[in-house]
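Colleague: So here's query02.tsv (TSV, C-alpha atoms).
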chain	number	residue	atom	x	y	z
A	1	MET	CA	73.60	98.74	99.19
A	2	HIS	CA	76.00	101.37	100.46
A	3	ILE	CA	78.64	101.97	97.81
A	4	VAL	CA	81.24	102.33	100.54
A	5	TYR	CA	81.27	98.59	101.16
A	6	PRO	CA	82.43	97.44	97.70
A	7	ALA	CA	84.75	100.44	97.46
A	8	VAL	CA	86.46	99.57	100.74
A	9	VAL	CA	86.73	95.88	99.85
A	10	ALA	CA	88.28	96.87	96.51
A	11	ALA	CA	90.73	99.24	98.20
A	12	LEU	CA	91.84	96.51	100.60
A	13	LEU	CA	92.25	93.98	97.79
A	14	PHE	CA	94.28	96.49	95.79
A	15	SER	CA	96.67	97.18	98.63
A	16	ILE	CA	97.09	93.46	99.28
A	17	GLY	CA	98.04	93.16	95.62
A	18	VAL	CA	100.54	96.01	96.02
A	19	TYR	CA	102.09	94.19	98.96
A	20	GLY	CA	102.33	90.98	96.97
A	21	VAL	CA	103.95	92.65	93.97
A	22	LEU	CA	106.54	94.34	96.16
A	23	ALA	CA	107.26	91.58	98.65
A	24	ARG	CA	107.22	88.37	96.65
A	25	ARG	CA	110.27	86.98	94.96
A	26	ASN	CA	108.82	84.26	92.77
A	27	THR	CA	107.61	85.67	89.45
A	28	ILE	CA	104.45	83.57	89.41
A	29	LEU	CA	103.44	84.90	92.81
A	30	VAL	CA	103.94	88.43	91.50
A	31	LEU	CA	101.62	87.61	88.60
A	32	MET	CA	99.02	86.36	91.09
A	33	SER	CA	99.24	89.66	92.97
A	34	VAL	CA	98.74	91.58	89.74
A	35	GLU	CA	95.58	89.55	89.20
A	36	LEU	CA	94.39	90.55	92.67
A	37	MET	CA	94.87	94.22	91.79
A	38	LEU	CA	92.95	93.80	88.54
A	39	ASN	CA	90.12	92.15	90.46
A	40	ALA	CA	89.95	95.09	92.85
A	41	VAL	CA	89.49	97.38	89.86
A	42	ASN	CA	86.78	95.07	88.51
A	43	LEU	CA	84.86	95.22	91.78
A	44	ASN	CA	84.97	99.01	91.65
A	45	LEU	CA	83.75	99.04	88.06
A	46	VAL	CA	80.79	96.80	88.84
A	47	ALA	CA	79.86	98.71	91.97
A	48	PHE	CA	79.87	102.08	90.23
A	49	ASP	CA	77.98	100.70	87.27
A	50	VAL	CA	75.27	99.54	89.65
A	51	TRP	CA	75.29	102.80	91.56
A	52	LEU	CA	75.09	105.09	88.52
A	53	ARG	CA	72.55	102.86	86.72
A	54	ASP	CA	74.42	103.21	83.45
A	55	ARG	CA	72.03	102.59	80.58
A	56	LEU	CA	74.88	101.41	78.35
A	57	HIS	CA	76.33	99.19	81.11
A	58	GLY	CA	79.74	100.69	80.51
A	59	GLY	CA	81.11	99.51	83.84
A	60	GLN	CA	80.16	95.89	83.47
A	61	VAL	CA	81.24	95.73	79.83
A	62	LEU	CA	84.58	97.26	80.80
A	63	THR	CA	84.83	94.63	83.53
A	64	LEU	CA	84.46	91.91	80.91
A	65	PHE	CA	87.14	93.60	78.82
A	66	VAL	CA	89.48	93.82	81.80
A	67	ILE	CA	88.97	90.12	82.50
A	68	VAL	CA	89.86	89.29	78.89
A	69	ILE	CA	92.92	91.54	78.95
A	70	ALA	CA	94.00	89.97	82.24
A	71	ALA	CA	93.81	86.53	80.68
A	72	ALA	CA	95.86	87.67	77.69
A	73	GLU	CA	98.40	89.35	79.95
A	74	LEU	CA	98.75	86.23	82.03
A	75	GLY	CA	99.25	84.06	78.94
A	76	VAL	CA	102.05	86.24	77.60
A	77	GLY	CA	103.50	86.72	81.09
A	78	LEU	CA	103.69	83.02	81.78
A	79	ALA	CA	105.27	82.44	78.36
A	80	ILE	CA	107.94	84.99	79.27
A	81	VAL	CA	108.44	83.36	82.66
A	82	LEU	CA	108.85	79.95	81.06
A	83	ALA	CA	111.34	81.30	78.50
A	84	LEU	CA	113.22	82.85	81.40
A	85	TYR	CA	113.22	79.56	83.25
A	86	ARG	CA	114.54	77.77	80.18
A	87	ASN	CA	117.46	80.16	79.87
A	88	ARG	CA	118.30	80.98	83.47
A	89	ARG	CA	116.96	78.04	85.51
A	90	THR	CA	115.40	80.43	87.98
A	91	VAL	CA	112.30	82.58	88.26
A	92	ASP	CA	113.44	84.58	91.27
A	93	LEU	CA	113.09	88.24	90.55
A	94	ASP	CA	116.10	89.45	92.51
A	95	GLN	CA	118.48	87.20	90.64
A	96	LEU	CA	117.41	88.54	87.27
A	97	ARG	CA	119.40	91.75	87.12
A	98	GLU	CA	120.64	91.73	83.55
A	99	LEU	CA	118.72	94.87	82.68
A	100	SER	CA	119.67	96.84	85.78
A	101	GLU	CA	122.46	99.34	85.87
A	102	ASP	CA	125.73	98.38	87.43
A	103	GLN	CA	125.13	100.04	90.73
A	104	PRO	CA	127.99	100.68	93.09
A	105	MET	CA	128.06	98.04	95.76
A	106	PRO	CA	126.87	99.05	99.21
A	107	ALA	CA	129.62	99.89	101.65
A	108	GLY	CA	131.17	96.93	103.32
A	109	ARG	CA	130.45	94.49	100.53
A	110	THR	CA	132.83	93.35	97.89
A	111	LEU	CA	132.41	91.32	94.81
A	112	PRO	CA	133.06	87.71	95.59
A	113	PRO	CA	136.01	86.12	93.82
A	114	PRO	CA	135.10	84.35	90.60
A	115	GLN	CA	135.88	80.94	92.01
A	116	ALA	CA	133.24	81.43	94.67
A	117	GLY	CA	131.77	78.07	93.89
A	118	ALA	CA	128.03	77.80	93.69
A	119	ASP	CA	127.39	79.57	90.44
A	120	GLN	CA	130.24	78.36	88.35
A	121	PRO	CA	129.22	76.56	85.18
A	122	GLY	CA	128.58	72.99	86.08
A	123	GLY	CA	128.68	73.75	89.74
A	124	GLY	CA	125.06	72.97	90.33
A	125	SER	CA	122.13	75.24	89.60
A	126	GLY	CA	122.30	78.47	91.50
A	127	GLY	CA	118.59	78.99	91.33
A	128	GLU	CA	117.75	76.39	93.90
A	129	ARG	CA	120.10	77.46	96.58
A	130	PRO	CA	118.19	78.96	99.47
A	131	VAL	CA	118.68	82.67	99.77
A	132	ASP	CA	117.37	83.67	103.12
A	133	ASP	CA	119.28	86.61	104.46
A	134	PRO	CA	120.04	89.95	102.82
A	135	ALA	CA	123.77	89.40	102.89
A	136	THR	CA	123.50	86.20	100.90
A	137	SER	CA	121.02	87.67	98.48
A	138	GLY	CA	123.36	90.62	97.89
A	139	ASN	CA	126.13	88.19	97.18
A	140	GLY	CA	123.91	86.33	94.77
A	141	ALA	CA	123.11	89.50	92.88
A	142	ALA	CA	126.75	90.44	92.73
A	143	ALA	CA	127.66	86.99	91.53
A	144	GLY	CA	124.99	87.23	88.84
A	145	ARG	CA	126.42	90.51	87.65
A	146	GLN	CA	129.88	89.15	87.53
A	147	GLU	CA	128.72	86.09	85.71
A	148	LYS	CA	127.07	88.33	83.14
A	149	ARG	CA	130.34	90.10	82.58
A	150	ALA	CA	132.12	86.82	82.21
A	151	SER	CA	129.59	85.64	79.68
A	152	ARG	CA	130.09	88.80	77.65
A	153	GLY	CA	133.71	87.92	77.31
A	154	GLY	CA	135.00	90.32	79.91
A	155	VAL	CA	134.32	93.46	77.92
A	156	GLN	CA	134.01	95.62	80.99
B	1	MET	CA	69.10	113.66	97.39
B	2	THR	CA	67.25	110.88	99.07
B	3	ALA	CA	67.89	110.02	102.64
B	4	VAL	CA	70.65	107.53	103.21
B	5	PRO	CA	69.71	104.55	105.36
B	6	SER	CA	71.69	104.12	108.52
B	7	TYR	CA	74.86	102.05	108.57
B	8	LEU	CA	73.76	100.51	111.84
B	9	SER	CA	70.90	98.50	110.37
B	10	PRO	CA	72.42	96.65	107.42
B	11	THR	CA	70.16	94.81	105.05
B	12	GLY	CA	70.59	91.12	104.33
B	13	GLN	CA	72.29	91.87	101.04
B	14	GLU	CA	74.85	94.05	102.75
B	15	ILE	CA	75.58	91.41	105.37
B	16	VAL	CA	76.09	88.77	102.69
B	17	PHE	CA	78.27	91.14	100.69
B	18	LEU	CA	80.41	91.98	103.70
B	19	LEU	CA	80.88	88.32	104.59
B	20	LEU	CA	81.91	87.50	101.03
B	21	GLY	CA	84.19	90.52	100.97
B	22	ALA	CA	85.81	89.39	104.21
B	23	VAL	CA	86.41	85.95	102.68
B	24	ALA	CA	87.90	87.56	99.56
B	25	VAL	CA	90.20	89.87	101.49
B	26	GLY	CA	91.24	87.17	103.94
B	27	SER	CA	92.12	84.64	101.28
B	28	ALA	CA	93.91	87.34	99.29
B	29	LEU	CA	96.03	87.99	102.39
B	30	LEU	CA	96.81	84.29	102.52
B	31	VAL	CA	97.78	84.38	98.83
B	32	VAL	CA	100.46	86.96	99.49
B	33	THR	CA	101.69	85.52	102.79
B	34	THR	CA	101.58	81.74	102.46
B	35	ARG	CA	104.86	79.86	102.37
B	36	GLN	CA	103.65	77.25	99.90
B	37	LEU	CA	103.47	78.12	96.25
B	38	VAL	CA	100.64	75.77	95.34
B	39	HIS	CA	98.56	76.90	98.30
B	40	ALA	CA	98.81	80.47	97.03
B	41	ALA	CA	97.17	79.40	93.76
B	42	LEU	CA	94.45	77.52	95.65
B	43	TRP	CA	93.73	80.46	97.95
B	44	LEU	CA	93.46	82.54	94.82
B	45	VAL	CA	90.55	80.28	93.80
B	46	VAL	CA	88.80	81.05	97.09
B	47	SER	CA	89.37	84.77	96.66
B	48	PHE	CA	88.07	84.85	93.10
B	49	GLY	CA	85.09	82.71	94.02
B	50	ALA	CA	84.14	85.04	96.85
B	51	LEU	CA	84.48	87.98	94.47
B	52	ALA	CA	82.14	86.23	92.06
B	53	GLY	CA	79.68	86.00	94.94
B	54	CYS	CA	80.11	89.73	95.50
B	55	TYR	CA	79.23	90.35	91.86
B	56	VAL	CA	76.09	88.25	92.23
B	57	VAL	CA	75.03	90.28	95.26
B	58	LEU	CA	75.65	93.45	93.26
B	59	THR	CA	73.24	92.05	90.59
B	60	ALA	CA	76.04	91.64	88.03
B	61	GLU	CA	75.33	87.99	87.41
B	62	PHE	CA	76.83	87.70	83.94
B	63	VAL	CA	80.10	89.21	85.14
B	64	ALA	CA	80.02	86.74	88.02
B	65	TRP	CA	79.76	83.76	85.69
B	66	VAL	CA	82.50	85.12	83.45
B	67	GLN	CA	84.63	85.55	86.56
B	68	VAL	CA	84.05	81.93	87.55
B	69	LEU	CA	84.72	80.66	84.03
B	70	ILE	CA	87.80	82.68	83.19
B	71	TYR	CA	89.47	83.38	86.52
B	72	VAL	CA	88.70	80.26	88.48
B	73	GLY	CA	88.61	78.04	85.43
B	74	ALA	CA	91.36	79.32	83.18
B	75	VAL	CA	93.66	81.73	84.97
B	76	VAL	CA	94.28	79.62	88.05
B	77	VAL	CA	94.84	76.52	85.94
B	78	LEU	CA	97.32	78.51	83.85
B	79	LEU	CA	99.10	79.62	87.03
B	80	LEU	CA	99.24	76.04	88.29
B	81	PHE	CA	100.74	74.99	84.97
B	82	GLY	CA	103.31	77.74	85.33
B	83	ILE	CA	104.17	76.54	88.83
B	84	MET	CA	104.51	73.01	87.54
B	85	LEU	CA	106.63	73.89	84.51
B	86	THR	CA	109.09	76.01	86.49
B	87	ARG	CA	109.63	73.04	88.81
B	88	ALA	CA	108.70	75.02	91.85
B	89	PRO	CA	109.18	73.21	95.12
B	90	ILE	CA	106.05	71.49	96.33
B	91	GLY	CA	105.64	72.10	100.01
B	92	ARG	CA	107.07	74.66	102.32
B	93	SER	CA	109.78	76.88	100.94
B	94	ALA	CA	111.58	79.61	102.80
B	95	ASP	CA	112.55	81.95	100.00
B	96	LEU	CA	109.25	83.07	98.53
B	97	ASP	CA	109.59	86.54	99.99
B	98	SER	CA	112.31	88.91	98.99
B	99	GLY	CA	114.32	91.04	101.36
B	100	ASN	CA	112.14	94.13	101.09
B	101	ARG	CA	109.14	92.68	102.88
B	102	LEU	CA	109.07	95.40	105.51
B	103	VAL	CA	109.16	98.20	102.95
B	104	ALA	CA	106.43	96.45	101.00
B	105	ALA	CA	104.27	96.18	104.11
B	106	VAL	CA	104.73	99.87	104.87
B	107	VAL	CA	103.87	100.86	101.29
B	108	ALA	CA	100.82	98.59	101.25
B	109	LEU	CA	99.56	99.85	104.59
B	110	ALA	CA	99.99	103.44	103.44
B	111	THR	CA	98.12	102.67	100.21
B	112	ALA	CA	95.34	100.99	102.13
B	113	GLY	CA	95.09	103.84	104.61
B	114	VAL	CA	94.94	106.56	101.98
B	115	LEU	CA	92.52	104.67	99.73
B	116	VAL	CA	90.13	103.64	102.51
B	117	ALA	CA	90.11	107.10	104.06
B	118	VAL	CA	89.46	108.83	100.74
B	119	VAL	CA	86.83	106.33	99.68
B	120	ILE	CA	84.94	106.52	102.96
B	121	ASP	CA	85.06	110.28	102.92
B	122	ALA	CA	83.91	110.48	99.32
B	123	PHE	CA	81.15	107.87	99.19
B	124	ARG	CA	79.72	108.05	102.70
B	125	THR	CA	76.37	109.18	101.40
B	126	ALA	CA	76.25	107.07	98.25
B	127	TYR	CA	73.44	104.57	98.37
B	128	THR	CA	71.54	102.61	95.79
B	129	PRO	CA	68.84	100.01	96.20
B	130	LEU	CA	69.68	96.83	94.35
B	131	GLU	CA	67.31	95.83	91.58
B	132	PRO	CA	67.79	92.47	89.93
B	133	GLY	CA	68.09	92.12	86.18
B	134	GLY	CA	70.48	94.95	85.43
B	135	GLY	CA	73.42	92.67	84.82
B	136	ALA	CA	71.66	89.76	83.17
B	137	ALA	CA	73.13	88.17	80.06
B	138	LYS	CA	70.40	89.64	77.86
B	139	GLU	CA	71.02	93.24	78.89
B	140	LEU	CA	74.77	92.91	78.83
B	141	GLY	CA	74.80	91.08	75.51
B	142	ALA	CA	72.66	93.75	73.90
B	143	SER	CA	74.98	96.39	75.29
B	144	VAL	CA	78.14	94.64	74.12
B	145	PHE	CA	76.93	93.98	70.60
B	146	ARG	CA	75.16	97.29	70.11
B	147	THR	CA	77.17	100.03	71.79
B	148	TRP	CA	80.51	98.46	72.52
B	149	VAL	CA	80.93	96.31	69.44
B	150	LEU	CA	84.01	98.13	68.11
B	151	PRO	CA	86.09	97.72	71.30
B	152	PHE	CA	84.86	94.15	71.45
B	153	GLU	CA	86.26	93.41	67.99
B	154	ALA	CA	89.49	95.23	68.77
B	155	LEU	CA	89.78	93.10	71.88
B	156	SER	CA	89.42	89.91	69.87
B	157	VAL	CA	92.32	91.02	67.68
B	158	LEU	CA	94.32	91.74	70.83
B	159	LEU	CA	93.58	88.25	72.13
B	160	LEU	CA	94.79	86.78	68.85
B	161	ALA	CA	97.98	88.83	69.07
B	162	ALA	CA	98.56	87.69	72.65
B	163	LEU	CA	97.98	84.08	71.61
B	164	ILE	CA	100.51	84.30	68.77
B	165	GLY	CA	102.95	86.09	71.05
B	166	ALA	CA	102.70	83.37	73.68
B	167	ILE	CA	103.24	80.66	71.06
B	168	VAL	CA	106.28	82.42	69.58
B	169	LEU	CA	107.75	82.95	73.06
B	170	SER	CA	107.23	79.33	74.04
B	171	ARG	CA	108.66	77.72	70.93
B	172	THR	CA	112.30	76.79	71.15
B	173	ASP	CA	112.88	75.92	67.51
B	174	ILE	CA	112.63	79.47	66.18
B	175	LYS	CA	116.11	80.85	65.74
B	176	SER	CA	116.86	84.37	64.65
B	177	GLY	CA	119.49	84.18	61.94
B	178	ASP	CA	121.70	87.18	62.49
B	179	GLU	CA	122.59	87.20	66.14
B	180	PRO	CA	124.71	84.68	67.97
B	181	PRO	CA	122.93	82.24	70.26
B	182	ALA	CA	122.24	83.52	73.71
B	183	PRO	CA	124.99	82.68	76.17
B	184	GLU	CA	124.01	79.86	78.46
B	185	SER	CA	124.47	81.26	81.90
B	186	ARG	CA	124.36	77.95	83.67
B	187	GLY	CA	126.28	76.07	81.05
B	188	GLU	CA	125.04	72.54	81.02
Can the structure from this file be put into structure tokens for me?
Modeller:
Amino acid sequence: MHIVYPAVVAALLFSIGVYGVLARRNTILVLMSVELMLNAVNLNLVAFDVWLRDRLHGGQVLTLFVIVIAAAELGVGLAIVLALYRNRRTVDLDQLRELSEDQPMPAGRTLPPPQAGADQPGGGSGGERPVDDPATSGNGAAAGRQEKRASRGGVQ
Amino acid sequence: MTAVPSYLSPTGQEIVFLLLGAVAVGSALLVVTTRQLVHAALWLVVSFGALAGCYVVLTAEFVAWVQVLIYVGAVVVLLLFGIMLTRAPIGRSADLDSGNRLVAAVVALATAGVLVAVVIDAFRTAYTPLEPGGGAAKELGASVFRTWVLPFEALSVLLLAALIGAIVLSRTDIKSGDEPPAPESRGE
């Protein structure tokens, strides 16, 4: 077996995982992509263990450990996602900006007025409204920020 | 340094491995591009199953069975539960991708290009004949419980900690006494 084959397959899987982490919006899909990246690492570990004929089987044992850690990570990650869903009614990553800095808005965009409708309390759940173009998603982020300020009692 | 067999006459094992690898990579691509959330989880099953086949070809049979048990059996079921509990839309949904898809594709292609080029350049001459038995449960079990027993025990403590953490995060009836209740952003 040429070692290049598993190494190339692992490299491709890893970059597919990178694409998924960067491009997906749903948190569960991002977790799936992280699992893909971990699997790429596992394939590398097994291939090099077989190539180097490790007497202690360090590669395969480390693969087992990585699988266990991945399971633990996914358990805690899904618990966090579910807590998030309980509190915010959405799992979309680009609407969860509470921990980001208050960046200056890009030129040409303004904060929508507070009575903008869709994300007022009681005005329906904002998480299920389709966000399909960048302009709308920018508005959604801005609205989320403003809502956060409102919920803090208008400190800022 | 022994002579490296030619790439132009692949053995049967290599052909099987490449087919399984193609299945794994193809279904992984479908995982990150499909428009249906549940289908992504199901394609993940195909990808992990093909990877388990790759492990079998690489003579790591115990790792392959652990992969089937934990990834296909537990992780995907956990993900499906997560999809169900967040009331994700069943069927086609338009907003699974965020706005930076193009940037993500560029970054991923650059990563793939660099990794594949470096790997091919580095391991062009690496070759090993496959001998069965190296990854059997007996060998691996002896290795785990003889050499690697301390990390193994530490890992079991970590699993316990993760379990308790997940339970504490999921329970809603634990209130911290000193801080006010979190503001309900959607106010129902």
Colleague: Using only C-alpha atoms and a cut-off of 7 Å, which residues of chain A sit close to chain B? Please list them as a CSV table (one decimal) with C-alpha atoms, in the coordinates of the input.
Modeller:
chain,number,residue,atom,x,y,z
A,1,MET,CA,73.6,98.7,99.2
A,2,HIS,CA,76.0,101.4,100.5
A,3,ILE,CA,78.6,102.0,97.8
A,4,VAL,CA,81.2,102.3,100.5
A,7,ALA,CA,84.8,100.4,97.5
A,8,VAL,CA,86.5,99.6,100.7
A,9,VAL,CA,86.7,95.9,99.8
A,11,ALA,CA,90.7,99.2,98.2
A,12,LEU,CA,91.8,96.5,100.6
A,13,LEU,CA,92.2,94.0,97.8
A,15,SER,CA,96.7,97.2,98.6
A,16,ILE,CA,97.1,93.5,99.3
A,18,VAL,CA,100.5,96.0,96.0
A,19,TYR,CA,102.1,94.2,99.0
A,20,GLY,CA,102.3,91.0,97.0
A,22,LEU,CA,106.5,94.3,96.2
A,23,ALA,CA,107.3,91.6,98.6
A,24,ARG,CA,107.2,88.4,96.6
A,25,ARG,CA,110.3,87.0,95.0
A,26,ASN,CA,108.8,84.3,92.8
A,47,ALA,CA,79.9,98.7,92.0
A,51,TRP,CA,75.3,102.8,91.6
A,56,LEU,CA,74.9,101.4,78.4
A,57,HIS,CA,76.3,99.2,81.1
A,60,GLN,CA,80.2,95.9,83.5
A,61,VAL,CA,81.2,95.7,79.8
A,64,LEU,CA,84.5,91.9,80.9
A,71,ALA,CA,93.8,86.5,80.7
A,72,ALA,CA,95.9,87.7,77.7
A,75,GLY,CA,99.2,84.1,78.9
A,76,VAL,CA,102.0,86.2,77.6
A,78,LEU,CA,103.7,83.0,81.8
A,79,ALA,CA,105.3,82.4,78.4
A,80,ILE,CA,107.9,85.0,79.3
A,82,LEU,CA,108.8,80.0,81.1
A,83,ALA,CA,111.3,81.3,78.5
A,85,TYR,CA,113.2,79.6,83.2
A,87,ASN,CA,117.5,80.2,79.9
A,88,ARG,CA,118.3,81.0,83.5
A,121,PRO,CA,129.2,76.6,85.2
A,122,GLY,CA,128.6,73.0,86.1
A,125,SER,CA,122.1,75.2,89.6
A,130,PRO,CA,118.2,79.0,99.5
A,131,VAL,CA,118.7,82.7,99.8
A,132,ASP,CA,117.4,83.7,103.1
A,134,PRO,CA,120.0,90.0,102.8
A,151,SER,CA,129.6,85.6,79.7
Colleague: Box for stretch 92-95 of chain B: with edges along x, y and z, all listed atoms inside and 5 Å added on each side, what are the centre and edge lengths in Å to one decimal, as JSON?
Modeller:
{"center_x": 109.8, "center_y": 78.3, "center_z": 101.4, "size_x": 15.5, "size_y": 17.3, "size_z": 12.8}
Colleague: At what distance in Å, to one decimal, does atom CA of B:Gln36 lie from atom CA of B:Gly91?
Modeller: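 Computing the Euclidean distance for atom CA of B:Gly91 and atom CA of B:Gln36 yields 5.5 Å.
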Colleague: What is the distance between atom CA of B:Pro132 and atom CA of B:Gly73, in Å to one decimal?
Modeller: 25.7 Å
Colleague: Could you work out how far atom CA of A:Glu35 lies from atom CA of B:Val157, giving the answer in Å with one decimal?
Modeller: 21.8 Å
